[in-house]
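Working notes for the structure below.
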Amino acid sequence: MSFVVATPEVVAQAAAELSGIGMTLGEVNAAAWAPTIAVPAAGADEVSAAIAALFGAHGQAYQTMSAQAAEFHAQFVQAMTAGAGSYAFAEAANASPMAAALDVVNGPIQGLLGRPLIGDGAAGTAPGQAGGAGGLLWGNGGAGGPGGAGGDAGLIGNGGAGGSGVGFGLAGGAGGAGGWLYGNGGAGGAGGALASGAALPGGAGGRAWLFGNGGVGGAGASVLPGAGGVGGAGGAGGAGGLLQGNGGAGGDGGISGNNFLEAGSAGGVGGVGGAGGLIGDGGAGGAGGGGLGVRGEAGGVGGDGGAGGVLYGNGGSGGDGGLGGAGFGVAGGDGGAGGAGGAAGLIGTGGSGGDGGWGGDDTVRGGAAVGGLGGTGGRGGALYGAGGTGGDGGRGGDASVGNGDGGDGGGGGDGGAAGLIGHGGAAGSGGQGGIGGGLAGEVSGDGGLGGTGGRGGSLYGIGGAGGTGGAGGDGFEGGGAGGGGGGGGDAGLIGHGGDGGGGGRGSSNNPGAGGAGGTGGTGGSLFGSPGVNGSEG
């Protein structure tokens with residue numbers, strides 16, 4: 001038995017477009033009629049007259065064929081338009097019996113269990129109202145009302161999205177769970193903010209059950225202008241399906257607020273990424289929220305990446321740390337630390353660590369803001385897989401002219417270790433030091449230390465390279481020293497040690513000392529050479 005699926009609106013639109021094409025061709029043919037049929041002779045001789053008559057005859061033949069083609073085109077458009085009408089009539093005729101049949105099936109189940117057998121759940125409308133559950137056999141969960149949770153799916157279907165609390169002063173609603181057999185979790189809703197300064201968190205992403213991806217976490221709220229407070233935390237990503245599915249990404253943290261009187265508050269923490277299932281990658285961690293200016297708020301910490309699948313899957317990357325806010329009469333805010341990369345399961349690569357946030361600048365004398373630390377790379381698979389790379393440290397905050405010291409750069413994150421077989425992850429570089437104010441006694445910041453490379457696999461693998469030290473801040477007075485390079489990762493039984501990171505260069509103005517190079521990692525206990533020491537900055 002064959003089936004035909006048609007969308008009447010699309011067929012009708014196609015017929016209208018074909019009709020427009022026919023009108024355009026008719027106008028072109030009409031414009032070409034006189035120049036092609038009534039071709040004047042080039043001269044009074046017989047040859048010129050014969051040539052003109054020949055071209056005129058060809059023009060007449062073209063016009064005859066064009067008229068026939070136009071008639072066929074008009075008949076085709078008419079048939080297509082009639083077909084669209086027939087499809088629309090058949091659809092309308094069948095809609096009522098199908099709906100009635102579905103009501104007969106769903107009615108008893110709805111009355112007994114409070115949810116249909118087949119069909120999507122109703123969306124929530126009032127603030128805080130959850131979305132309806134999807135059909136037991138098939139159907140998506142309904143979206144939550146403002147701040148309400150999304151509805152869960154039944155056997156097959158996607159979870160409903162959590163409602164946003166923005167504009168209602170509510171936390172974001174959690175996403176609904178995906179279907180028991182197959183379906184993705186719903187996304188979490190964004191968090192709202194209160195006039196009092198409270199910034200509410202985003203909703204967690206919904207989980208999947210057997211097959212499907214976890215939902216994305218909602219973003220945390222940013223504090224309303226003129227109010228002080230900590231930025232809202234990002235929602236956690238949902239877990240992937242137990243058999244197969246990727247974890248959802250965590251939501252970003254919100255920006256902190258400032259009322260110009262109280263000490264600044266930190267940006268919101270990024271949400272943690274969801275874990276993969278038996279097979280699947282972990283979700284990425286959310287970025288930390290930034291600190292708003294003038295009172296030196298610190299940036300939020302980035303969320304950790306989710307773990308990779310138990311059997312196979314890569315760890316999720318860690319979220320970047322938030323930027324520190326500028327200071328006005330106080331030190332700028334420190335940059336937020338990057339989140340750690342998620343660990344792999346049996347087979348897979350560890351997630352990379354997030355980068356540290358930059359320290360905030362000083363606009364009036366008040367101190368020095370430090371760059372955030374880079375996140376640690378995730379561990380590689382227990383059987384096979386490389387460790388994740390470490391995140392880079394954040395740059396130290398600058399001081400305005402005549403207003404204090406520059407901030408030190410943040411240290412780079414360590415590389416992740418491998419399991420049985422695999423290479424260690426490379427470490428992150430240290431952040432550059434901030435620029436000092438330039439007057440006597442005002443020094444620039446030192447560069448951050450490079451991270452240590454990850455250890456190679458216990459059976460086989462090369463150690464990860466150490467991170468490069470950060471450069472010292474270029475100030476006119478008291479230039480910053482370069483950060484030391486990180487040590488290379490050691491090898492296990494068989495493999496070479498990782499090379500040490502190079503030291504950071506000292507300041508070029510009023511030179512600061514260069515950083516020492518990192519020590520190379522040790523070679524394998526059975527076979528392997530040690531890593532090369534890093535050069536001095």
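Chains: A, B, ... in order of the structure tokens. Residues: from 1 per chain. Ligands: from 1, in order shown.
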
Would you kindly return, as a CSV table (one decimal) with C-alpha atoms, in the first residue's frame, each protein, DNA or RNA residue with an atom no farther than 9 Å from any atom of Gly186 (chain A), considering only C-alpha atoms and excluding same-chain residues fewer than 5 positions away?
```csv
chain,number,residue,atom,x,y,z
A,141,GLY,CA,6.5,17.5,27.0
A,143,ALA,CA,7.0,24.0,27.7
A,150,GLY,CA,9.1,21.7,31.3
A,151,GLY,CA,6.9,18.6,31.0
A,152,ASP,CA,8.4,15.1,30.7
A,158,ASN,CA,11.5,15.3,23.8
A,159,GLY,CA,11.2,16.9,27.2
A,160,GLY,CA,9.7,20.4,27.3
A,161,ALA,CA,11.8,23.5,27.7
A,162,GLY,CA,11.8,25.1,31.1
A,174,ALA,CA,14.1,23.0,34.7
A,175,GLY,CA,13.9,21.2,31.4
A,176,GLY,CA,11.7,18.1,31.2
A,177,ALA,CA,13.1,14.6,30.8
A,178,GLY,CA,13.2,13.0,27.5
A,205,GLY,CA,18.6,20.9,31.6
A,206,GLY,CA,16.4,17.8,31.4
A,207,ARG,CA,18.0,14.4,31.4
A,208,ALA,CA,17.6,11.7,28.7
A,214,GLY,CA,20.7,15.9,27.8
A,215,GLY,CA,19.2,19.4,27.7
A,216,VAL,CA,21.2,22.6,27.9
A,217,GLY,CA,21.2,24.4,31.2
A,238,GLY,CA,21.3,17.3,31.7
```

Could you name the residues that touch Val166 (chain A) at 10 Å or less, counting only C-alpha atoms, but leaving out those on the same chain fewer than 2 positions away, as a PyMOL selection string?
chain A and resi 146-147+163-164+168-172+189-194+200+202+220-222

Would you please give, as a PyMOL selection string, all residues of region 151-365 of chain A that DSSP assigns to strand (DSSP E or B) based on the backbone?
chain A and resi 156+182+193+199+211+229+244+257+279+294-295+312+327-328+347+362-364

I need the residues in region 16-161 of chain A that are helix (DSSP H, G or I) according to DSSP; give them as a PyMOL selection string.
chain A and resi 16-37+46-113

Here CA of Ala187 (chain A) and CA of Pro116 (chain A) stand apart by 22.7 Å

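Residues with any atom within 7 Å of region 435-445 of chain A, counting only C-alpha atoms and excluding same-chain neighbours fewer than 3 positions away, are Gly396, Asp398, Ala399, Ser400, Val401, Gly402, Asn403, Gly404, Asp405, Gly406, Gly407, Asp408, Gly409, Gly472, Gly473, Asp474, Gly475, Phe476, Glu477, Gly478, Gly479 and Gly480 of chain A.
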
Could those selected residues go to a file with N, CA and C atoms, as a PDB file, in the first residue's frame?
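And here's again-v4.pdb as it stands now:
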```pdb
ATOM      1  N   GLY A 396      46.671  39.808  34.039  1.00  0.00           N
ATOM      2  CA  GLY A 396      46.484  40.670  35.199  1.00  0.00           C
ATOM      3  C   GLY A 396      45.918  42.022  34.811  1.00  0.00           C
ATOM      4  N   ASP A 398      45.378  46.065  34.531  1.00  0.00           N
ATOM      5  CA  ASP A 398      46.242  47.239  34.376  1.00  0.00           C
ATOM      6  C   ASP A 398      45.837  48.332  35.350  1.00  0.00           C
ATOM      7  N   ALA A 399      46.828  49.146  35.733  1.00  0.00           N
ATOM      8  CA  ALA A 399      46.553  50.339  36.529  1.00  0.00           C
ATOM      9  C   ALA A 399      46.585  51.549  35.605  1.00  0.00           C
ATOM     10  N   SER A 400      45.691  52.499  35.851  1.00  0.00           N
ATOM     11  CA  SER A 400      45.742  53.727  35.067  1.00  0.00           C
ATOM     12  C   SER A 400      46.965  54.538  35.489  1.00  0.00           C
ATOM     13  N   VAL A 401      47.311  55.556  34.742  1.00  0.00           N
ATOM     14  CA  VAL A 401      48.535  56.320  34.960  1.00  0.00           C
ATOM     15  C   VAL A 401      48.555  56.912  36.369  1.00  0.00           C
ATOM     16  N   GLY A 402      49.597  56.557  37.107  1.00  0.00           N
ATOM     17  CA  GLY A 402      49.776  57.102  38.454  1.00  0.00           C
ATOM     18  C   GLY A 402      48.866  56.516  39.491  1.00  0.00           C
ATOM     19  N   ASN A 403      48.279  55.342  39.233  1.00  0.00           N
ATOM     20  CA  ASN A 403      47.289  54.809  40.164  1.00  0.00           C
ATOM     21  C   ASN A 403      47.529  53.359  40.555  1.00  0.00           C
ATOM     22  N   GLY A 404      48.773  53.035  40.925  1.00  0.00           N
ATOM     23  CA  GLY A 404      48.983  51.736  41.533  1.00  0.00           C
ATOM     24  C   GLY A 404      49.733  50.739  40.680  1.00  0.00           C
ATOM     25  N   ASP A 405      49.714  49.506  41.172  1.00  0.00           N
ATOM     26  CA  ASP A 405      50.462  48.421  40.553  1.00  0.00           C
ATOM     27  C   ASP A 405      49.596  47.646  39.571  1.00  0.00           C
ATOM     28  N   GLY A 406      50.286  46.992  38.650  1.00  0.00           N
ATOM     29  CA  GLY A 406      49.585  46.073  37.770  1.00  0.00           C
ATOM     30  C   GLY A 406      49.410  44.724  38.443  1.00  0.00           C
ATOM     31  N   GLY A 407      48.385  43.995  38.050  1.00  0.00           N
ATOM     32  CA  GLY A 407      48.104  42.695  38.650  1.00  0.00           C
ATOM     33  C   GLY A 407      48.929  41.581  38.025  1.00  0.00           C
ATOM     34  N   ASP A 408      49.172  40.547  38.814  1.00  0.00           N
ATOM     35  CA  ASP A 408      49.893  39.388  38.306  1.00  0.00           C
ATOM     36  C   ASP A 408      48.992  38.559  37.390  1.00  0.00           C
ATOM     37  N   GLY A 409      49.621  37.935  36.414  1.00  0.00           N
ATOM     38  CA  GLY A 409      48.873  37.039  35.549  1.00  0.00           C
ATOM     39  C   GLY A 409      48.523  35.745  36.259  1.00  0.00           C
ATOM     40  N   GLY A 472      56.005  39.354  31.737  1.00  0.00           N
ATOM     41  CA  GLY A 472      55.822  40.396  32.736  1.00  0.00           C
ATOM     42  C   GLY A 472      55.191  41.640  32.135  1.00  0.00           C
ATOM     43  N   GLY A 473      54.482  42.373  32.972  1.00  0.00           N
ATOM     44  CA  GLY A 473      53.830  43.595  32.505  1.00  0.00           C
ATOM     45  C   GLY A 473      54.834  44.667  32.110  1.00  0.00           C
ATOM     46  N   ASP A 474      54.528  45.385  31.026  1.00  0.00           N
ATOM     47  CA  ASP A 474      55.431  46.415  30.496  1.00  0.00           C
ATOM     48  C   ASP A 474      55.132  47.765  31.136  1.00  0.00           C
ATOM     49  N   GLY A 475      55.695  48.015  32.298  1.00  0.00           N
ATOM     50  CA  GLY A 475      55.524  49.307  32.940  1.00  0.00           C
ATOM     51  C   GLY A 475      56.764  50.161  32.793  1.00  0.00           C
ATOM     52  N   PHE A 476      56.603  51.492  32.964  1.00  0.00           N
ATOM     53  CA  PHE A 476      57.744  52.398  32.868  1.00  0.00           C
ATOM     54  C   PHE A 476      58.572  52.374  34.136  1.00  0.00           C
ATOM     55  N   GLU A 477      57.969  51.997  35.246  1.00  0.00           N
ATOM     56  CA  GLU A 477      58.677  51.867  36.510  1.00  0.00           C
ATOM     57  C   GLU A 477      58.447  50.457  37.033  1.00  0.00           C
ATOM     58  N   GLY A 478      59.546  49.754  37.341  1.00  0.00           N
ATOM     59  CA  GLY A 478      59.395  48.424  37.925  1.00  0.00           C
ATOM     60  C   GLY A 478      58.670  47.452  37.021  1.00  0.00           C
ATOM     61  N   GLY A 479      59.269  47.129  35.891  1.00  0.00           N
ATOM     62  CA  GLY A 479      58.658  46.171  34.994  1.00  0.00           C
ATOM     63  C   GLY A 479      58.500  44.804  35.645  1.00  0.00           C
ATOM     64  N   GLY A 480      57.473  44.075  35.239  1.00  0.00           N
ATOM     65  CA  GLY A 480      57.176  42.787  35.837  1.00  0.00           C
ATOM     66  C   GLY A 480      58.106  41.690  35.345  1.00  0.00           C
TER      67      GLY A 480
END
```

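CA of Gly431 (chain A) lies 10.8 Å from CA of Gly451 (chain A).
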
Report as a PDB file with N, CA and C atoms, in the first residue's frame all protein, DNA and RNA residues lying within 8 Å of Ala123 (chain A), evaluated on only C-alpha atoms, omitting residues in the same chain fewer than 2 positions from it.
```
ATOM      1  N   GLY A 121       2.228  17.398  25.382  1.00  0.00           N
ATOM      2  CA  GLY A 121       1.674  18.006  26.575  1.00  0.00           C
ATOM      3  C   GLY A 121       1.388  19.487  26.365  1.00  0.00           C
ATOM      4  N   THR A 125       1.025  28.289  31.090  1.00  0.00           N
ATOM      5  CA  THR A 125       0.717  29.681  30.761  1.00  0.00           C
ATOM      6  C   THR A 125       0.943  30.626  31.943  1.00  0.00           C
ATOM      7  N   ALA A 130       3.982  24.356  35.430  1.00  0.00           N
ATOM      8  CA  ALA A 130       4.776  23.387  34.677  1.00  0.00           C
ATOM      9  C   ALA A 130       4.068  23.007  33.384  1.00  0.00           C
ATOM     10  N   GLY A 131       4.839  22.632  32.402  1.00  0.00           N
ATOM     11  CA  GLY A 131       4.264  22.114  31.171  1.00  0.00           C
ATOM     12  C   GLY A 131       3.677  20.737  31.380  1.00  0.00           C
ATOM     13  N   GLY A 132       2.699  20.407  30.560  1.00  0.00           N
ATOM     14  CA  GLY A 132       2.055  19.111  30.681  1.00  0.00           C
ATOM     15  C   GLY A 132       2.940  17.987  30.171  1.00  0.00           C
ATOM     16  N   GLY A 142       5.261  19.524  27.318  1.00  0.00           N
ATOM     17  CA  GLY A 142       4.935  20.925  27.060  1.00  0.00           C
ATOM     18  C   GLY A 142       5.937  21.863  27.704  1.00  0.00           C
ATOM     19  N   ALA A 143       6.105  23.018  27.103  1.00  0.00           N
ATOM     20  CA  ALA A 143       7.004  24.041  27.652  1.00  0.00           C
ATOM     21  C   ALA A 143       6.412  24.602  28.936  1.00  0.00           C
ATOM     22  N   GLY A 144       7.274  24.882  29.889  1.00  0.00           N
ATOM     23  CA  GLY A 144       6.808  25.459  31.131  1.00  0.00           C
ATOM     24  C   GLY A 144       6.432  26.914  30.976  1.00  0.00           C
ATOM     25  N   GLY A 145       5.508  27.387  31.814  1.00  0.00           N
ATOM     26  CA  GLY A 145       5.215  28.807  31.867  1.00  0.00           C
ATOM     27  C   GLY A 145       6.403  29.555  32.453  1.00  0.00           C
TER      28      GLY A 145
END
```

From the list A:Gly360, A:Leu346, A:Ala418, A:Gly430, the nearest residue to Gly377 (chain A) using only C-alpha atoms is A:Ala418
